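Source file: structure.txt; contents: compact mmCIF, C-alpha atoms.
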# COMPACT_ATOMS: atom_id res chain seq x y z
CA MET P 126 1.44 34.51 35.08
CA GLU P 127 4.13 34.71 32.40
CA LYS P 128 1.88 32.86 29.97
CA LYS P 129 -1.06 35.25 30.33
CA PRO P 130 -0.10 37.57 27.43
CA LEU P 131 0.05 34.56 25.10
CA GLN P 132 -3.25 33.26 26.42
CA ASP P 133 -4.77 36.72 25.95
CA ARG P 134 -3.47 36.80 22.36
CA VAL P 135 -4.93 33.39 21.56
CA GLY P 136 -8.22 34.47 23.09
CA LEU P 137 -8.24 37.62 20.97
CA LEU P 138 -7.60 35.63 17.80
CA ALA P 139 -10.46 33.26 18.63
CA ASP P 140 -12.83 36.11 19.55
CA VAL P 141 -12.20 37.98 16.31
CA ALA P 142 -12.52 34.76 14.28
CA GLU P 143 -15.87 33.95 15.89
CA MET P 144 -17.17 37.47 15.26
CA TYR P 145 -16.13 37.32 11.60
CA TYR P 146 -16.89 33.70 10.62
CA LEU P 147 -19.74 32.72 12.96
CA GLU P 148 -21.48 35.99 13.78
CA GLU P 149 -20.83 37.32 10.23
CA GLN P 150 -19.74 40.78 11.39
CA ASN P 151 -17.64 42.70 8.87
CA GLN P 152 -14.12 43.88 9.61
CA ALA P 153 -15.20 47.49 10.22
CA GLU P 154 -17.75 46.40 12.84
CA ILE P 155 -15.19 44.20 14.58
CA ALA P 156 -12.59 46.99 14.57
CA LYS P 157 -15.05 49.34 16.27
CA ALA P 158 -16.09 46.72 18.82
CA ILE P 159 -12.56 45.88 20.01
CA GLY P 160 -10.96 49.28 19.47
CA VAL P 161 -8.44 48.58 16.70
CA THR P 162 -8.04 49.54 13.05
CA ARG P 163 -9.65 47.60 10.23
CA SER P 164 -6.23 46.60 8.88
CA MET P 165 -5.39 45.19 12.31
CA VAL P 166 -8.52 43.02 12.17
CA SER P 167 -7.39 41.72 8.78
CA ARG P 168 -3.98 40.80 10.21
CA ILE P 169 -5.60 39.10 13.21
CA LEU P 170 -7.77 36.95 10.92
CA THR P 171 -4.72 35.98 8.88
CA GLU P 172 -2.84 35.02 12.06
CA ALA P 173 -5.85 32.99 13.25
CA ARG P 174 -5.78 30.95 10.02
CA GLU P 175 -2.01 30.48 10.01
CA SER P 176 -1.95 29.37 13.66
CA GLY P 177 -4.66 26.78 13.14
CA ILE P 178 -7.29 28.50 15.28
CA VAL P 179 -9.37 28.81 12.12
CA GLU P 180 -9.60 25.84 9.76
CA ILE P 181 -11.30 26.32 6.42
CA ARG P 182 -12.70 23.31 4.57
CA ILE P 183 -14.25 23.58 1.13
CA GLN P 184 -16.71 20.82 0.30
CA ARG P 185 -16.82 20.88 -3.48
CA PRO P 186 -19.81 18.89 -4.82
CA LEU P 187 -18.64 15.94 -6.88
CA GLN P 188 -20.14 15.29 -10.28
CA SER P 189 -19.89 11.82 -11.76
CA ASP P 190 -19.90 10.70 -15.40
CA SER P 191 -22.37 7.81 -15.58
CA GLU P 192 -21.55 6.98 -19.22
CA LEU P 193 -17.86 6.50 -18.46
CA GLU P 194 -18.73 4.51 -15.35
CA SER P 195 -20.89 2.14 -17.41
CA ALA P 196 -18.20 1.81 -20.06
CA LEU P 197 -15.53 0.93 -17.48
CA LYS P 198 -17.76 -1.59 -15.70
CA GLU P 199 -18.68 -3.27 -18.97
CA LYS P 200 -15.13 -3.30 -20.38
CA PHE P 201 -13.38 -4.60 -17.27
CA GLY P 202 -16.13 -6.39 -15.36
CA LEU P 203 -15.96 -4.00 -12.41
CA LYS P 204 -18.30 -4.34 -9.44
CA ASP P 205 -18.55 -0.56 -9.13
CA ALA P 206 -16.99 2.63 -10.50
CA PHE P 207 -16.98 6.31 -9.64
CA VAL P 208 -15.76 8.56 -12.45
CA VAL P 209 -15.49 12.02 -10.95
CA VAL P 210 -15.65 14.91 -13.41
CA SER P 211 -12.44 16.95 -13.23
CA ASN P 212 -10.45 19.24 -15.50
CA HIS P 213 -7.19 18.73 -13.59
CA ARG P 214 -4.61 16.50 -15.24
CA ASN P 215 -2.32 16.28 -12.21
CA GLY P 216 -1.51 18.03 -8.96
CA GLU P 217 -2.92 18.49 -5.47
CA ARG P 218 -6.39 19.53 -6.62
CA LEU P 219 -6.80 16.32 -8.57
CA THR P 220 -5.51 14.30 -5.61
CA ARG P 221 -8.00 15.98 -3.27
CA THR P 222 -10.84 15.40 -5.73
CA LEU P 223 -9.96 11.72 -6.05
CA GLY P 224 -9.69 11.49 -2.27
CA ASN P 225 -13.18 12.94 -1.80
CA ALA P 226 -14.59 10.51 -4.36
CA GLY P 227 -12.64 7.65 -2.79
CA ALA P 228 -14.06 8.50 0.63
CA GLN P 229 -17.61 8.42 -0.75
CA MET P 230 -17.00 5.05 -2.40
CA LEU P 231 -15.41 3.68 0.79
CA ALA P 232 -18.39 4.82 2.85
CA ARG P 233 -20.71 3.16 0.32
CA HIS P 234 -19.12 -0.28 0.70
CA LEU P 235 -17.69 -0.40 4.22
CA ALA P 236 -20.00 -2.29 6.55
CA HIS P 237 -19.98 -3.16 10.24
CA GLN P 238 -17.91 -6.09 11.49
CA LYS P 239 -15.71 -6.11 8.41
CA THR P 240 -11.98 -6.05 7.85
CA LEU P 241 -10.50 -3.13 5.92
CA GLY P 242 -7.06 -3.48 4.36
CA LEU P 243 -4.91 -0.48 3.38
CA ALA P 244 -1.99 -0.08 1.00
CA TRP P 245 -0.14 3.23 0.83
CA GLY P 246 0.17 6.32 -1.38
CA THR P 247 -1.01 9.87 -1.99
CA SER P 248 -4.49 8.96 -3.24
CA ILE P 249 -5.05 6.67 -0.25
CA SER P 250 -3.89 9.42 2.10
CA ALA P 251 -6.33 11.87 0.44
CA THR P 252 -9.13 9.31 0.78
CA VAL P 253 -8.39 8.80 4.48
CA ASP P 254 -8.29 12.58 5.02
CA ALA P 255 -11.69 13.02 3.36
CA PHE P 256 -13.37 10.05 5.01
CA GLU P 257 -15.71 10.79 7.91
CA ALA P 258 -17.46 8.07 9.92
CA THR P 259 -20.97 9.06 10.96
CA GLU P 260 -20.81 6.59 13.85
CA PRO P 261 -18.23 4.24 15.38
CA MET P 262 -17.58 1.20 13.21
CA PRO P 263 -15.93 -1.76 14.97
CA VAL P 264 -13.92 -2.87 11.96
CA LYS P 265 -10.47 -4.38 11.86
CA VAL P 266 -8.03 -2.21 9.91
CA VAL P 267 -4.95 -4.02 8.62
CA GLN P 268 -1.79 -2.79 6.91
CA LEU P 269 -1.29 -4.77 3.69
CA VAL P 270 2.13 -3.38 2.76
CA GLY P 271 5.26 -3.01 4.88
CA ALA P 272 6.64 0.34 6.02
CA MET P 273 8.28 2.62 3.49
CA GLY P 274 10.64 4.36 5.91
CA ALA P 275 11.16 7.95 6.98
CA HIS P 276 10.06 9.65 3.75
CA ASN P 277 6.55 11.12 3.55
CA MET P 278 5.17 9.40 6.63
CA GLU P 279 1.64 10.64 5.98
CA TYR P 280 1.51 8.44 2.87
CA ASP P 281 2.94 5.38 4.65
CA GLY P 282 0.76 2.40 5.44
CA HIS P 283 1.38 2.50 9.19
CA ASP P 284 0.28 6.13 9.50
CA LEU P 285 -2.73 5.61 7.23
CA VAL P 286 -3.93 2.66 9.29
CA ALA P 287 -3.60 4.70 12.49
CA ARG P 288 -5.49 7.69 11.04
CA ILE P 289 -8.47 5.81 9.67
CA THR P 290 -8.69 3.51 12.71
CA GLU P 291 -9.02 6.60 14.89
CA LYS P 292 -11.90 7.82 12.71
CA LEU P 293 -13.64 4.45 12.66
CA GLY P 294 -13.04 3.48 16.27
CA GLY P 295 -11.85 0.07 15.12
CA GLU P 296 -8.87 -2.17 15.84
CA ALA P 297 -5.55 -1.70 14.04
CA TYR P 298 -3.13 -4.37 12.84
CA TYR P 299 0.30 -3.11 11.80
CA LEU P 300 2.86 -4.71 9.54
CA ASN P 301 6.04 -3.96 11.48
CA ALA P 302 8.54 -4.65 8.75
CA PRO P 303 10.07 -2.79 5.80
CA TYR P 304 8.25 -2.93 2.50
CA LEU P 305 11.34 -3.72 0.39
CA CYS P 306 14.20 -5.86 1.65
CA GLN P 307 17.73 -6.21 0.31
CA SER P 308 17.23 -9.88 -0.51
CA PRO P 309 14.48 -12.51 -0.80
CA GLU P 310 16.03 -14.31 2.16
CA ILE P 311 15.54 -11.31 4.46
CA ALA P 312 11.95 -10.88 3.28
CA LYS P 313 11.22 -14.55 3.88
CA SER P 314 12.71 -14.36 7.36
CA LEU P 315 10.57 -11.35 8.27
CA LEU P 316 7.43 -12.98 6.91
CA GLU P 317 8.06 -15.89 9.27
CA THR P 318 8.26 -13.73 12.42
CA LYS P 319 5.27 -13.98 14.73
CA SER P 320 4.01 -10.37 14.59
CA VAL P 321 4.33 -10.11 10.81
CA ARG P 322 2.76 -13.53 10.32
CA GLU P 323 -0.23 -12.54 12.46
CA THR P 324 -0.84 -9.33 10.50
CA ILE P 325 -0.49 -11.15 7.18
CA SER P 326 -3.04 -13.68 8.43
CA VAL P 327 -5.55 -10.90 9.20
CA GLY P 328 -4.79 -9.36 5.81
CA LYS P 329 -5.81 -12.59 4.10
CA LYS P 330 -9.27 -12.23 5.63
CA THR P 331 -9.76 -8.66 4.38
CA ASP P 332 -13.24 -7.91 3.07
CA LEU P 333 -12.44 -4.55 1.46
CA ALA P 334 -9.02 -3.27 0.40
CA LEU P 335 -8.25 0.40 -0.23
CA LEU P 336 -5.54 0.45 -2.88
CA GLY P 337 -3.41 2.87 -4.84
CA ILE P 338 -2.08 2.16 -8.31
CA GLY P 339 1.60 2.90 -8.84
CA THR P 340 3.43 3.53 -12.09
CA THR P 341 6.98 2.83 -13.20
CA SER P 342 7.07 6.05 -15.24
CA PRO P 343 9.99 8.07 -13.76
CA ASP P 344 8.08 11.35 -13.97
CA TYR P 345 5.10 10.06 -11.99
CA SER P 346 6.33 7.18 -9.84
CA SER P 347 5.78 8.11 -6.18
CA PHE P 348 7.90 5.11 -5.28
CA TYR P 349 10.88 6.45 -7.22
CA LEU P 350 10.38 10.17 -6.53
CA ALA P 351 10.26 9.49 -2.79
CA GLY P 352 13.58 7.65 -3.00
CA TYR P 353 12.38 4.13 -2.20
CA VAL P 354 13.98 2.69 -5.35
CA THR P 355 16.88 3.94 -7.42
CA ARG P 356 16.58 5.00 -11.05
CA ARG P 357 18.53 1.86 -11.96
CA GLU P 358 15.99 -0.36 -10.15
CA LEU P 359 13.13 1.49 -11.78
CA ASP P 360 14.69 1.08 -15.23
CA GLU P 361 15.15 -2.63 -14.57
CA LEU P 362 11.47 -2.96 -13.68
CA ARG P 363 10.50 -1.20 -16.89
CA LYS P 364 12.86 -3.35 -18.99
CA ALA P 365 11.16 -6.42 -17.52
CA GLY P 366 7.82 -5.10 -18.79
CA ALA P 367 6.41 -3.68 -15.56
CA ILE P 368 4.23 -0.60 -16.14
CA GLY P 369 2.62 -0.40 -12.72
CA ASP P 370 1.91 -2.05 -9.39
CA VAL P 371 -0.68 -2.58 -6.69
CA CYS P 372 0.76 -3.34 -3.24
CA GLY P 373 4.15 -3.68 -4.91
CA LEU P 374 2.88 -6.49 -7.13
CA HIS P 375 4.03 -5.38 -10.57
CA PHE P 376 2.28 -6.16 -13.83
CA ASP P 377 2.67 -5.50 -17.54
CA ILE P 378 0.24 -3.70 -19.85
CA ASN P 379 -1.80 -6.92 -20.20
CA GLY P 380 -2.12 -7.30 -16.45
CA GLN P 381 0.24 -10.26 -16.26
CA PRO P 382 2.65 -10.52 -13.28
CA ALA P 383 6.07 -9.00 -13.92
CA CYS P 384 9.35 -8.84 -11.99
CA ASP P 385 8.92 -11.91 -9.78
CA ASP P 386 12.44 -11.46 -8.41
CA PHE P 387 11.54 -7.97 -7.18
CA CYS P 388 8.29 -9.23 -5.60
CA GLU P 389 10.24 -11.86 -3.65
CA ARG P 390 11.96 -9.02 -1.78
CA LEU P 391 8.65 -7.56 -0.58
CA VAL P 392 6.92 -7.76 2.76
CA SER P 393 3.44 -7.35 1.35
CA ILE P 394 0.26 -9.24 0.63
CA ARG P 395 0.78 -11.89 -2.04
CA ARG P 396 -0.99 -12.06 -5.39
CA GLN P 397 -3.49 -14.84 -4.66
CA ASP P 398 -4.35 -13.37 -1.26
CA LEU P 399 -5.01 -9.97 -2.83
CA LEU P 400 -7.20 -11.50 -5.54
CA SER P 401 -9.21 -13.34 -2.89
CA ILE P 402 -10.35 -10.06 -1.28
CA PRO P 403 -13.98 -9.52 -2.39
CA MET P 404 -13.85 -5.72 -2.79
CA ARG P 405 -10.59 -4.26 -4.14
CA LEU P 406 -11.11 -0.50 -4.30
CA GLY P 407 -8.50 1.31 -6.37
CA VAL P 408 -8.23 5.12 -6.25
CA ALA P 409 -6.05 6.60 -8.99
CA GLY P 410 -5.91 9.21 -11.71
CA GLY P 411 -3.75 11.67 -13.61
CA GLU P 412 -2.19 11.63 -17.05
CA GLY P 413 0.88 9.69 -15.91
CA LYS P 414 -1.17 6.77 -14.59
CA THR P 415 -3.06 5.73 -17.74
CA GLU P 416 -1.01 2.64 -18.60
CA ALA P 417 -0.71 1.57 -14.97
CA ILE P 418 -4.47 1.82 -14.40
CA LEU P 419 -5.17 -0.20 -17.55
CA GLY P 420 -2.73 -2.89 -16.39
CA ALA P 421 -4.26 -2.91 -12.90
CA LEU P 422 -7.76 -3.37 -14.32
CA ARG P 423 -6.62 -6.18 -16.59
CA SER P 424 -4.78 -7.86 -13.70
CA LYS P 425 -8.03 -7.84 -11.65
CA TYR P 426 -6.11 -6.47 -8.65
CA VAL P 427 -8.76 -3.73 -8.73
CA ASN P 428 -12.46 -4.52 -9.17
CA VAL P 429 -13.90 -1.24 -7.85
CA LEU P 430 -12.46 1.94 -9.33
CA VAL P 431 -12.39 5.63 -8.46
CA ILE P 432 -10.88 7.69 -11.28
CA ASP P 433 -11.12 11.15 -12.85
CA SER P 434 -12.96 11.65 -16.12
CA LEU P 435 -9.96 12.72 -18.22
CA THR P 436 -7.94 9.65 -17.24
CA ALA P 437 -10.95 7.35 -17.60
CA LYS P 438 -11.33 8.39 -21.24
CA LYS P 439 -7.64 7.76 -21.90
CA VAL P 440 -7.77 4.34 -20.24
CA LEU P 441 -10.70 3.29 -22.43
CA GLU P 442 -8.97 4.63 -25.55
CA LEU P 443 -5.72 2.87 -24.69
CA ALA P 444 -7.57 -0.40 -24.08
CA GLU P 445 -8.61 -0.38 -27.74
CA THR P 446 -5.04 -0.05 -29.06
CA LYS P 447 -2.90 -2.05 -26.59

Could the structure of this file be written out as structure tokens, please?
Amino acid sequence: MEKKPLQDRVGLLADVAEMYYLEEQNQAEIAKAIGVTRSMVSRILTEARESGIVEIRIQRPLQSDSELESALKEKFGLKDAFVVVSNHRNGERLTRTLGNAGAQMLARHLAHQKTLGLAWGTSISATVDAFEATEPMPVKVVQLVGAMGAHNMEYDGHDLVARITEKLGGEAYYLNAPYLCQSPEIAKSLLETKSVRETISVGKKTDLALLGIGTTSPDYSSFYLAGYVTRRELDELRKAGAIGDVCGLHFDINGQPACDDFCERLVSIRRQDLLSIPMRLGVAGGEGKTEAILGALRSKYVNVLVIDSLTAKKVLELAETK
């Protein structure tokens, strides 16, 4: 009985929300119907949104730039490209836009009875959030990169695998090991454990990989800003020529492997195994990612690309000068 007032309050919030959003009654009509002031109705609607009773989703239509798509496919030999028109150079709006485009591209290429591999990162998280399966898809979903730790769990590979597996109704394979180890010996030891070895084996059979593209630029490196590497480690990567990475596999501006000693400390898919995956879908954009995206395209770690129009132009321009 003690919980009844709370239950009554929740019921009131839901009733008012339904009258306003579903029955399209205005606030004055609702106020008259339930016997409160119009300002009270406004406060009730605000409370309904803040408490999660009302969820608002805005489906912004995506516009693509076919000329830039053709230019990217021709320049880098891509299997497919989605250049989404956007005026945002950085920030959450750009990330959401890229995620929506990434979800559309993923839906285009993901087929039944396939294996989907996932890396980690903000663009991958946005893609998973935006992705909706129209029917159950019995795919295997495998984590390609070890766990990052306690920071920003929603961007971590383990959480991403769990979220998209739930949407697909598939089978999840987790990489229960840290992404970066203190020494190559520790990484090698973990890679030889049974559970990790089994997941790595499934990862080698991936048909489609959903990948982010990281940068070593201090201002834009999610890896550094989240505290996974120190500024000293980041500077050392840059001094060695690394401008970006895919699955922790760093490369220089020409797409050549860089920082082999760093890669030996990783619990992640290896270079040849990544390159053997038929569809390698990279989702990335923003002004701080231009060099990294160019390097990723030249490295061939990515052969299907989702990118925003502003960054796509910069990547093509940079390709002519570097």

Checklist entry - Mind pulling up the distance from CA of Pro403 in chain P to CA of Glu389 in chain P? => result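 A separation of 24.4 Å between them.
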
Let me have the centre and edge lengths of the axis-aligned box enclosing all listed atoms of range 244-255 of chain P with 3 Å padding on every side, in Å to one decimal, as AutoDock Vina command-line options.
--center_x -5.8 --center_y 6.5 --center_z 0.9 --size_x 17.9 --size_y 19.1 --size_z 14.3

Next on the checklist: Report as number ranges by chain all protein, DNA and RNA residues lying within 12 Å of Lys313 in chain P, evaluated on only C-alpha atoms, omitting residues in the same chain fewer than 3 positions from it.
Outcome noted: P: 302-303, 305-310, 316-318, 321-322, 388-393

Item to check | Expected answer as a VMD selection string: all residues with atoms within 10 Å of (0.4, 13.3, 4.3), only C-alpha atoms | outcome: chain P and resid 246 to 251 253 to 254 277 to 281 284 to 285

Next on the checklist: Residues near Gly177 in chain P, anyone? I mean within 12 Å using only C-alpha atoms, not counting same-chain ones fewer than 3 positions away, as a PyMOL selection string.
Outcome noted: chain P and resi 135+138-139+142+170-174+180-181

Checklist entry - Which polymer residues have any atom within 12 Å of an atom of Ala367 in chain P, counting all atoms listed in the file, with same-chain residues fewer than 4 positions away left out, as an MDAnalysis selection string? => result chainID P and resid 339:342 358:363 371 373:385 387:388 416:417 420:421

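Counting from CA of Ala236 in chain P, the distance to CA of Tyr304 in chain P is 28.5 Å.
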
Checklist entry - Suppose you want the space between CA of Met404 in chain P and CA of Leu333 in chain P; what is it in Å? => result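 Spanning CA of Met404 in chain P to CA of Leu333 in chain P is a straight-line distance of 4.6 Å.
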
Residues within 12 Å of Lys319 in chain P, please, as a PDB file with C-alpha atoms, in the frame of the given file. Count only C-alpha atoms; anything in the same chain fewer than 4 positions from it doesn't count.
ATOM      1  CA  LEU P 300       2.860  -4.710   9.540  1.00  0.00           C
ATOM      2  CA  ASN P 301       6.040  -3.960  11.480  1.00  0.00           C
ATOM      3  CA  ALA P 302       8.540  -4.650   8.750  1.00  0.00           C
ATOM      4  CA  SER P 314      12.710 -14.360   7.360  1.00  0.00           C
ATOM      5  CA  LEU P 315      10.570 -11.350   8.270  1.00  0.00           C
ATOM      6  CA  GLU P 323      -0.230 -12.540  12.460  1.00  0.00           C
ATOM      7  CA  THR P 324      -0.840  -9.330  10.500  1.00  0.00           C
ATOM      8  CA  ILE P 325      -0.490 -11.150   7.180  1.00  0.00           C
ATOM      9  CA  SER P 326      -3.040 -13.680   8.430  1.00  0.00           C
TER      10      SER P 326
END
